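See below for work39.csv, which holds CSV, C-alpha atoms.
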```csv
chain,number,residue,atom,x,y,z
A,1,MET,CA,152.1,129.7,132.0
A,2,ASP,CA,153.8,126.8,130.4
A,3,ILE,CA,152.8,126.5,126.7
A,4,LYS,CA,153.5,122.7,126.7
A,5,LYS,CA,151.0,122.1,129.5
A,6,ILE,CA,148.3,124.2,127.8
A,7,PHE,CA,148.7,122.2,124.5
A,8,LYS,CA,148.8,118.9,126.4
A,9,SER,CA,145.6,119.6,128.3
A,10,LYS,CA,143.8,120.7,125.1
A,11,LYS,CA,144.9,117.5,123.3
A,12,ILE,CA,143.4,115.4,126.2
A,13,ILE,CA,140.1,117.4,126.1
A,14,LEU,CA,139.9,117.0,122.3
A,15,LEU,CA,140.6,113.2,122.6
A,16,VAL,CA,137.8,112.9,125.2
A,17,ILE,CA,135.4,114.7,123.0
A,18,VAL,CA,136.2,112.6,120.0
A,19,PHE,CA,135.9,109.4,122.1
A,20,ILE,CA,132.4,110.5,123.4
A,21,VAL,CA,131.2,111.4,119.8
A,22,LEU,CA,132.4,107.9,118.6
A,23,ILE,CA,130.5,106.1,121.4
A,24,VAL,CA,127.3,108.1,120.9
A,25,GLY,CA,127.5,107.6,117.1
A,26,THR,CA,128.0,103.8,117.5
A,27,ILE,CA,125.0,103.6,119.9
A,28,ILE,CA,122.8,105.5,117.4
A,29,PHE,CA,123.9,103.3,114.5
A,30,ILE,CA,123.2,100.1,116.4
A,31,ASN,CA,119.8,101.2,117.6
A,32,SER,CA,118.8,102.3,114.1
A,33,LYS,CA,119.2,98.7,112.9
A,34,ASN,CA,115.8,97.7,114.3
A,35,ASP,CA,114.0,100.8,113.1
A,36,GLY,CA,113.4,101.8,116.8
A,37,MET,CA,110.8,99.0,117.2
A,38,GLU,CA,110.8,97.0,120.3
A,39,ASN,CA,110.2,93.3,120.5
A,40,VAL,CA,107.1,92.0,122.3
A,41,LYS,CA,108.5,89.8,125.1
A,42,GLY,CA,110.2,87.3,122.8
A,43,LEU,CA,107.2,86.9,120.5
A,44,ASN,CA,108.3,87.4,116.9
A,45,ILE,CA,106.5,87.8,113.6
A,46,TYR,CA,108.6,86.7,110.7
A,47,TYR,CA,108.0,87.6,107.0
A,48,LYS,CA,109.8,87.2,103.7
A,49,VAL,CA,108.9,88.2,100.2
A,50,TYR,CA,109.5,86.8,96.7
A,51,THR,CA,110.4,89.1,93.7
A,52,GLU,CA,111.1,87.8,90.2
A,53,GLU,CA,114.5,89.6,90.2
A,54,LYS,CA,115.8,88.5,93.6
A,55,GLY,CA,113.8,85.3,94.3
A,56,LEU,CA,112.9,84.6,97.9
A,57,SER,CA,114.3,87.0,100.5
A,58,LYS,CA,115.7,86.0,104.0
A,59,TRP,CA,113.3,86.1,106.9
A,60,TYR,CA,112.7,89.6,108.4
A,61,LYS,CA,111.0,90.2,111.8
A,62,ASN,CA,109.4,92.7,114.1
A,63,GLY,CA,109.1,95.8,111.9
A,64,LEU,CA,112.2,95.6,109.8
A,65,SER,CA,111.8,96.5,106.2
A,66,ASN,CA,112.1,93.5,104.0
A,67,SER,CA,113.3,94.8,100.7
A,68,ASN,CA,115.2,97.5,98.9
A,69,LYS,CA,112.0,98.9,97.3
A,70,ASN,CA,113.2,98.4,93.7
A,71,TYR,CA,111.2,95.3,92.8
A,72,ASN,CA,107.5,94.4,92.9
A,73,ILE,CA,106.7,91.8,95.5
A,74,LYS,CA,105.0,88.8,94.0
A,75,ASN,CA,104.6,86.6,97.1
A,76,ILE,CA,104.7,86.9,100.9
A,77,LYS,CA,105.3,84.3,103.5
A,78,ILE,CA,104.4,85.0,107.2
A,79,LYS,CA,104.9,83.0,110.3
A,80,LEU,CA,104.6,83.5,114.0
A,81,LYS,CA,106.8,81.5,116.4
A,82,ASP,CA,104.9,78.6,118.0
A,83,THR,CA,101.5,79.4,116.6
A,84,ASP,CA,99.4,79.4,113.4
A,85,GLU,CA,96.6,81.6,114.7
A,86,TYR,CA,96.8,84.1,111.9
A,87,SER,CA,95.7,84.6,108.3
A,88,PHE,CA,96.3,87.1,105.6
A,89,SER,CA,94.9,88.1,102.3
A,90,ILE,CA,96.3,90.0,99.4
A,91,TYR,CA,94.7,92.0,96.7
A,92,ASN,CA,95.6,92.3,93.0
A,93,GLU,CA,93.7,93.7,90.1
A,94,ASP,CA,93.3,90.4,88.2
A,95,ASN,CA,91.9,88.3,91.1
A,96,GLY,CA,90.6,90.6,93.8
A,97,TRP,CA,91.2,89.4,97.3
A,98,VAL,CA,93.0,86.0,97.6
A,99,ASP,CA,94.0,84.0,100.7
A,100,GLY,CA,97.7,84.6,101.2
A,101,ASP,CA,98.5,80.9,101.5
A,102,ASN,CA,97.2,80.4,98.0
A,103,LEU,CA,99.2,83.2,96.4
A,104,LYS,CA,100.8,82.1,93.1
A,105,ASN,CA,103.6,84.7,92.5
A,106,GLN,CA,101.4,87.5,91.2
A,107,ASP,CA,101.5,91.3,91.6
A,108,ILE,CA,100.3,92.5,95.0
A,109,ASN,CA,98.6,95.8,95.5
A,110,ALA,CA,97.4,95.5,99.1
A,111,ILE,CA,97.4,93.2,102.1
A,112,LYS,CA,95.3,92.7,105.2
A,113,VAL,CA,96.4,90.4,108.1
A,114,SER,CA,94.4,89.1,111.1
A,115,LEU,CA,95.0,87.1,114.2
A,116,PHE,CA,92.5,84.7,115.8
A,117,GLY,CA,92.1,82.5,118.8
A,118,SER,CA,94.2,83.3,121.9
A,119,MET,CA,96.5,85.5,119.8
A,120,ARG,CA,93.7,87.9,118.9
A,121,LYS,CA,92.9,88.3,122.6
A,122,LYS,CA,96.4,89.2,123.5
A,123,TYR,CA,97.9,91.1,120.5
A,124,SER,CA,97.2,93.3,117.5
A,125,ILE,CA,99.1,92.8,114.3
A,126,CYS,CA,100.1,96.0,112.6
A,127,TYR,CA,101.6,96.3,109.1
A,128,ARG,CA,102.3,98.8,106.3
A,129,VAL,CA,103.5,98.7,102.7
A,130,TYR,CA,105.6,100.8,100.5
A,131,ASN,CA,104.8,101.5,96.8
A,132,ASP,CA,106.2,103.9,94.2
A,133,LYS,CA,103.2,106.3,94.3
A,134,ASN,CA,102.5,106.7,98.0
A,135,LYS,CA,105.9,105.7,99.5
A,136,TRP,CA,105.3,104.2,103.0
A,137,LEU,CA,101.7,104.2,103.9
A,138,ASN,CA,100.5,104.6,107.5
A,139,TRP,CA,100.2,101.5,109.7
A,140,SER,CA,97.1,99.4,109.5
A,141,CYS,CA,96.2,96.9,112.2
A,142,ASP,CA,94.0,93.8,112.6
A,143,ASN,CA,92.6,93.1,109.2
A,144,GLU,CA,92.5,96.7,107.9
A,145,ILE,CA,93.5,97.1,104.3
A,146,ASN,CA,96.9,98.6,103.5
A,147,GLY,CA,97.9,99.3,99.9
A,148,ASN,CA,96.8,101.0,96.7
A,149,LYS,CA,94.8,99.3,94.0
A,150,GLU,CA,96.7,101.2,91.3
A,151,VAL,CA,100.3,100.2,92.2
A,152,ASN,CA,102.2,97.2,93.3
A,153,ILE,CA,103.8,97.0,96.7
A,154,LYS,CA,107.6,97.0,96.9
A,155,SER,CA,108.2,96.5,100.7
A,156,ILE,CA,106.4,95.6,103.8
A,157,GLN,CA,106.8,95.9,107.6
A,158,MET,CA,104.9,94.0,110.3
A,159,LYS,CA,104.8,94.2,114.1
A,160,LEU,CA,102.9,92.5,116.9
A,161,ILE,CA,101.7,94.8,119.7
A,162,PRO,CA,100.1,93.9,123.0
A,163,LYS,CA,96.3,94.6,123.1
A,164,ASN,CA,96.6,96.7,126.2
A,165,ALA,CA,99.4,98.9,124.7
A,166,VAL,CA,98.9,102.3,123.0
A,167,LYS,CA,99.6,101.5,119.4
A,168,ASN,CA,101.0,104.9,118.5
A,169,GLU,CA,103.6,104.5,121.3
A,170,TYR,CA,104.9,101.4,119.4
A,171,LEU,CA,104.6,103.0,116.0
A,172,LYS,CA,105.2,106.7,117.0
A,173,ASP,CA,108.2,107.1,114.7
A,174,TYR,CA,106.1,106.0,111.7
A,175,VAL,CA,102.7,107.8,112.2
A,176,ASP,CA,102.1,110.9,110.2
A,177,ASN,CA,99.1,112.6,111.9
A,178,ASN,CA,98.5,114.8,108.9
A,179,ASP,CA,97.7,111.9,106.6
A,180,ARG,CA,96.0,108.9,108.0
A,181,LYS,CA,95.3,107.2,104.7
A,182,ASN,CA,96.1,103.5,104.6
A,183,TYR,CA,94.7,102.5,101.3
A,184,ASN,CA,93.1,103.6,98.0
A,185,PHE,CA,90.2,101.4,97.2
A,186,GLU,CA,87.5,103.9,96.3
```
Using structure tokens, write down the structure from this file.
Amino acid sequence: MDIKKIFKSKKIILLVIVFIVLIVGTIIFINSKNDGMENVKGLNIYYKVYTEEKGLSKWYKNGLSNSNKNYNIKNIKIKLKDTDEYSFSIYNEDNGWVDGDNLKNQDINAIKVSLFGSMRKKYSICYRVYNDKNKWLNWSCDNEINGNKEVNIKSIQMKLIPKNAVKNEYLKDYVDNNDRKNYNFE
């Protein structure tokens, strides 16, 4: 056996393995940018938040986390492309439940979001919040409360899901079946 041929073939095999690992790593990195959440046939939900420290954030959409979880969210803006068939309310200890459109840069402990009209017939809106005490809460959908009356929210995620879809299939990476708690309002 020729030693040079053996080393040359091992180098080629090693280069092929490194190349495959780089491609797989790149694919995983790119796919992780959307938190594994698929878009609903071009329909997007957009949301941005206001914190005293950072001001108004950029628009986030379709399940992406909207903040770095270091600051209390003081205001939330939501929009759906080409429709206004939605509403949302926020809860804080001083004022109770307030219409989200009338929010005046105050601490937010919980949120509930609902669709109406033709949107309600076609889609569910699912959302969850992050706070320092509970971390990420489980998903709530269609006007269910998500939050904790004892602590302010630091981040939020929202997602539109077709009515005929199995919600857990869209949210499967985020559902903890051992703890289905979405709020603390007892």
Can you pull out the residues contacting Ser155 in chain A? Cut-off 6 Å, using all atoms listed in the file, and skip same-chain residues under 6 positions away; I want them as a list in words. Asn66, Ser67, Lys69, Val129 and Tyr130 of chain A
Residues as selected, C-alpha atoms, written as a PDB file, in the frame of the given file, can you do that?
```pdb
ATOM      1  CA  ASN A  66     112.100  93.500 104.000  1.00  0.00           C
ATOM      2  CA  SER A  67     113.300  94.800 100.700  1.00  0.00           C
ATOM      3  CA  LYS A  69     112.000  98.900  97.300  1.00  0.00           C
ATOM      4  CA  VAL A 129     103.500  98.700 102.700  1.00  0.00           C
ATOM      5  CA  TYR A 130     105.600 100.800 100.500  1.00  0.00           C
TER       6      TYR A 130
END
```
Counting all atoms listed in the file, which residue out of A:Lys112, A:Gln157, A:Leu103, A:Val18 sits closest to Trp136 in chain A? A:Gln157
Grab the CA of Lys167 in chain A to CA of Ile145 in chain A distance for me, in Å with one decimal place. 16.9 Å
Let me make sure I understand: among A:Asn138, A:Lys121, A:Lys149, A:Lys58, which one has the smallest atom-to-atom distance to Glu93 in chain A if we use only C-alpha atoms?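 Once distances to Glu93 in chain A are computed over only C-alpha atoms, the minimum belongs to A:Lys149.
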Can you tell me how far CA of Asn95 in chain A sits from CA of Asn146 in chain A, in Å to one decimal? 16.9 Å
I'd like the contact shell of Lys74 in chain A - 6 Å cut-off, only C-alpha atoms, skipping same-chain residues fewer than 2 positions apart - returned as a ChimeraX atom specification. /A:50-51,105-107
When distances are computed from only C-alpha atoms, which of A:Gly55, A:Gly100, A:Gly63, A:Gly117 shows the smallest separation from Glu85 in chain A? A:Gly117
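Distances from A:Cys141, A:Ile23, A:Val49, A:Leu14 to Val113 in chain A were compared using only C-alpha atoms, and the smallest one belongs to A:Cys141.
Here CA of Trp59 in chain A stands at a distance of 23.4 Å from CA of Glu144 in chain A.
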Of the listed residues A:Lys135, A:Tyr47, A:Lys81, A:Asn168, that which approaches Ser65 in chain A most closely, counting all atoms listed in the file: A:Tyr47
Restricting the calculation to all atoms listed in the file: of A:Lys154, A:Lys133, A:Arg120, A:Lys10, which residue gets closest to Ile76 in chain A?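 Checking each candidate against Ile76 in chain A, we get A:Lys154 as the closest.
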Where is the centre and how long are the edges: axis-aligned box on range 149-158 of chain A, 8 Å on each side, Å to one decimal, as JSON:
```
{"center_x": 101.5, "center_y": 97.6, "center_z": 100.8, "size_x": 29.4, "size_y": 23.2, "size_z": 35.0}
```
Could you give me range 85-96 of chain A completed to all heavy atoms, formatted as a short mmCIF file (atom, residue, chain, number, x, y, z; two decimals), in the frame of the given file?
```
data_model
loop_
_atom_site.label_atom_id
_atom_site.label_comp_id
_atom_site.auth_asym_id
_atom_site.auth_seq_id
_atom_site.Cartn_x
_atom_site.Cartn_y
_atom_site.Cartn_z
N GLU A 85 97.89 80.91 114.54
CA GLU A 85 96.60 81.60 114.70
C GLU A 85 96.65 82.98 114.02
O GLU A 85 96.50 84.04 114.62
CB GLU A 85 96.35 81.82 116.23
CG GLU A 85 96.10 80.51 116.95
CD GLU A 85 95.81 80.69 118.43
OE1 GLU A 85 96.32 81.68 119.04
OE2 GLU A 85 95.09 79.87 118.99
N TYR A 86 96.83 82.94 112.72
CA TYR A 86 96.80 84.10 111.90
C TYR A 86 96.41 83.76 110.49
O TYR A 86 96.47 82.60 110.09
CB TYR A 86 98.20 84.83 111.87
CG TYR A 86 99.24 84.00 111.16
CD1 TYR A 86 99.49 84.19 109.81
CD2 TYR A 86 99.95 83.01 111.83
CE1 TYR A 86 100.42 83.42 109.14
CE2 TYR A 86 100.89 82.25 111.18
CZ TYR A 86 101.12 82.45 109.83
OH TYR A 86 102.04 81.69 109.18
N SER A 87 95.98 84.76 109.75
CA SER A 87 95.70 84.60 108.30
C SER A 87 95.97 85.91 107.64
O SER A 87 95.97 86.97 108.28
CB SER A 87 94.28 84.11 108.07
OG SER A 87 93.37 85.10 108.46
N PHE A 88 96.19 85.85 106.32
CA PHE A 88 96.30 87.10 105.60
C PHE A 88 95.80 86.93 104.19
O PHE A 88 95.74 85.82 103.65
CB PHE A 88 97.81 87.57 105.57
CG PHE A 88 98.75 86.75 104.74
CD1 PHE A 88 99.15 87.18 103.49
CD2 PHE A 88 99.28 85.56 105.22
CE1 PHE A 88 100.04 86.44 102.72
CE2 PHE A 88 100.18 84.81 104.48
CZ PHE A 88 100.55 85.25 103.22
N SER A 89 95.38 88.05 103.64
CA SER A 89 94.90 88.10 102.30
C SER A 89 95.60 89.17 101.51
O SER A 89 96.03 90.18 102.08
CB SER A 89 93.37 88.42 102.27
OG SER A 89 92.65 87.47 102.98
N ILE A 90 95.73 88.95 100.22
CA ILE A 90 96.30 90.00 99.40
C ILE A 90 95.34 90.35 98.28
O ILE A 90 94.43 89.58 97.95
CB ILE A 90 97.68 89.50 98.73
CG1 ILE A 90 97.48 88.31 97.78
CG2 ILE A 90 98.67 89.16 99.80
CD1 ILE A 90 97.35 88.74 96.37
N TYR A 91 95.53 91.54 97.74
CA TYR A 91 94.70 92.00 96.70
C TYR A 91 95.54 92.27 95.44
O TYR A 91 96.64 92.81 95.53
CB TYR A 91 94.00 93.34 97.08
CG TYR A 91 93.16 93.94 95.97
CD1 TYR A 91 91.84 93.57 95.81
CD2 TYR A 91 93.72 94.86 95.09
CE1 TYR A 91 91.07 94.10 94.79
CE2 TYR A 91 92.96 95.39 94.06
CZ TYR A 91 91.64 95.02 93.91
OH TYR A 91 90.88 95.53 92.89
N ASN A 92 95.01 91.83 94.29
CA ASN A 92 95.60 92.30 93.00
C ASN A 92 94.45 92.51 92.03
O ASN A 92 93.33 92.00 92.21
CB ASN A 92 96.67 91.33 92.49
CG ASN A 92 96.15 90.11 91.78
OD1 ASN A 92 95.00 90.01 91.39
ND2 ASN A 92 97.02 89.15 91.60
N GLU A 93 94.73 93.31 91.02
CA GLU A 93 93.70 93.70 90.10
C GLU A 93 93.04 92.58 89.33
O GLU A 93 91.86 92.62 89.03
CB GLU A 93 94.24 94.77 89.11
CG GLU A 93 94.50 96.11 89.75
CD GLU A 93 94.87 97.15 88.73
OE1 GLU A 93 96.07 97.26 88.43
OE2 GLU A 93 93.95 97.83 88.24
N ASP A 94 93.79 91.55 89.02
CA ASP A 94 93.30 90.40 88.20
C ASP A 94 92.33 89.53 89.02
O ASP A 94 91.32 89.06 88.50
CB ASP A 94 94.41 89.59 87.66
CG ASP A 94 95.26 90.37 86.69
OD1 ASP A 94 94.74 91.31 86.05
OD2 ASP A 94 96.46 90.06 86.59
N ASN A 95 92.66 89.26 90.30
CA ASN A 95 91.90 88.30 91.10
C ASN A 95 91.17 88.81 92.26
O ASN A 95 90.50 88.05 92.95
CB ASN A 95 92.90 87.18 91.56
CG ASN A 95 93.59 86.49 90.41
OD1 ASN A 95 92.96 86.13 89.42
ND2 ASN A 95 94.90 86.31 90.52
N GLY A 96 91.29 90.08 92.56
CA GLY A 96 90.60 90.60 93.80
C GLY A 96 91.39 90.10 95.01
O GLY A 96 92.59 89.92 94.99
#
```
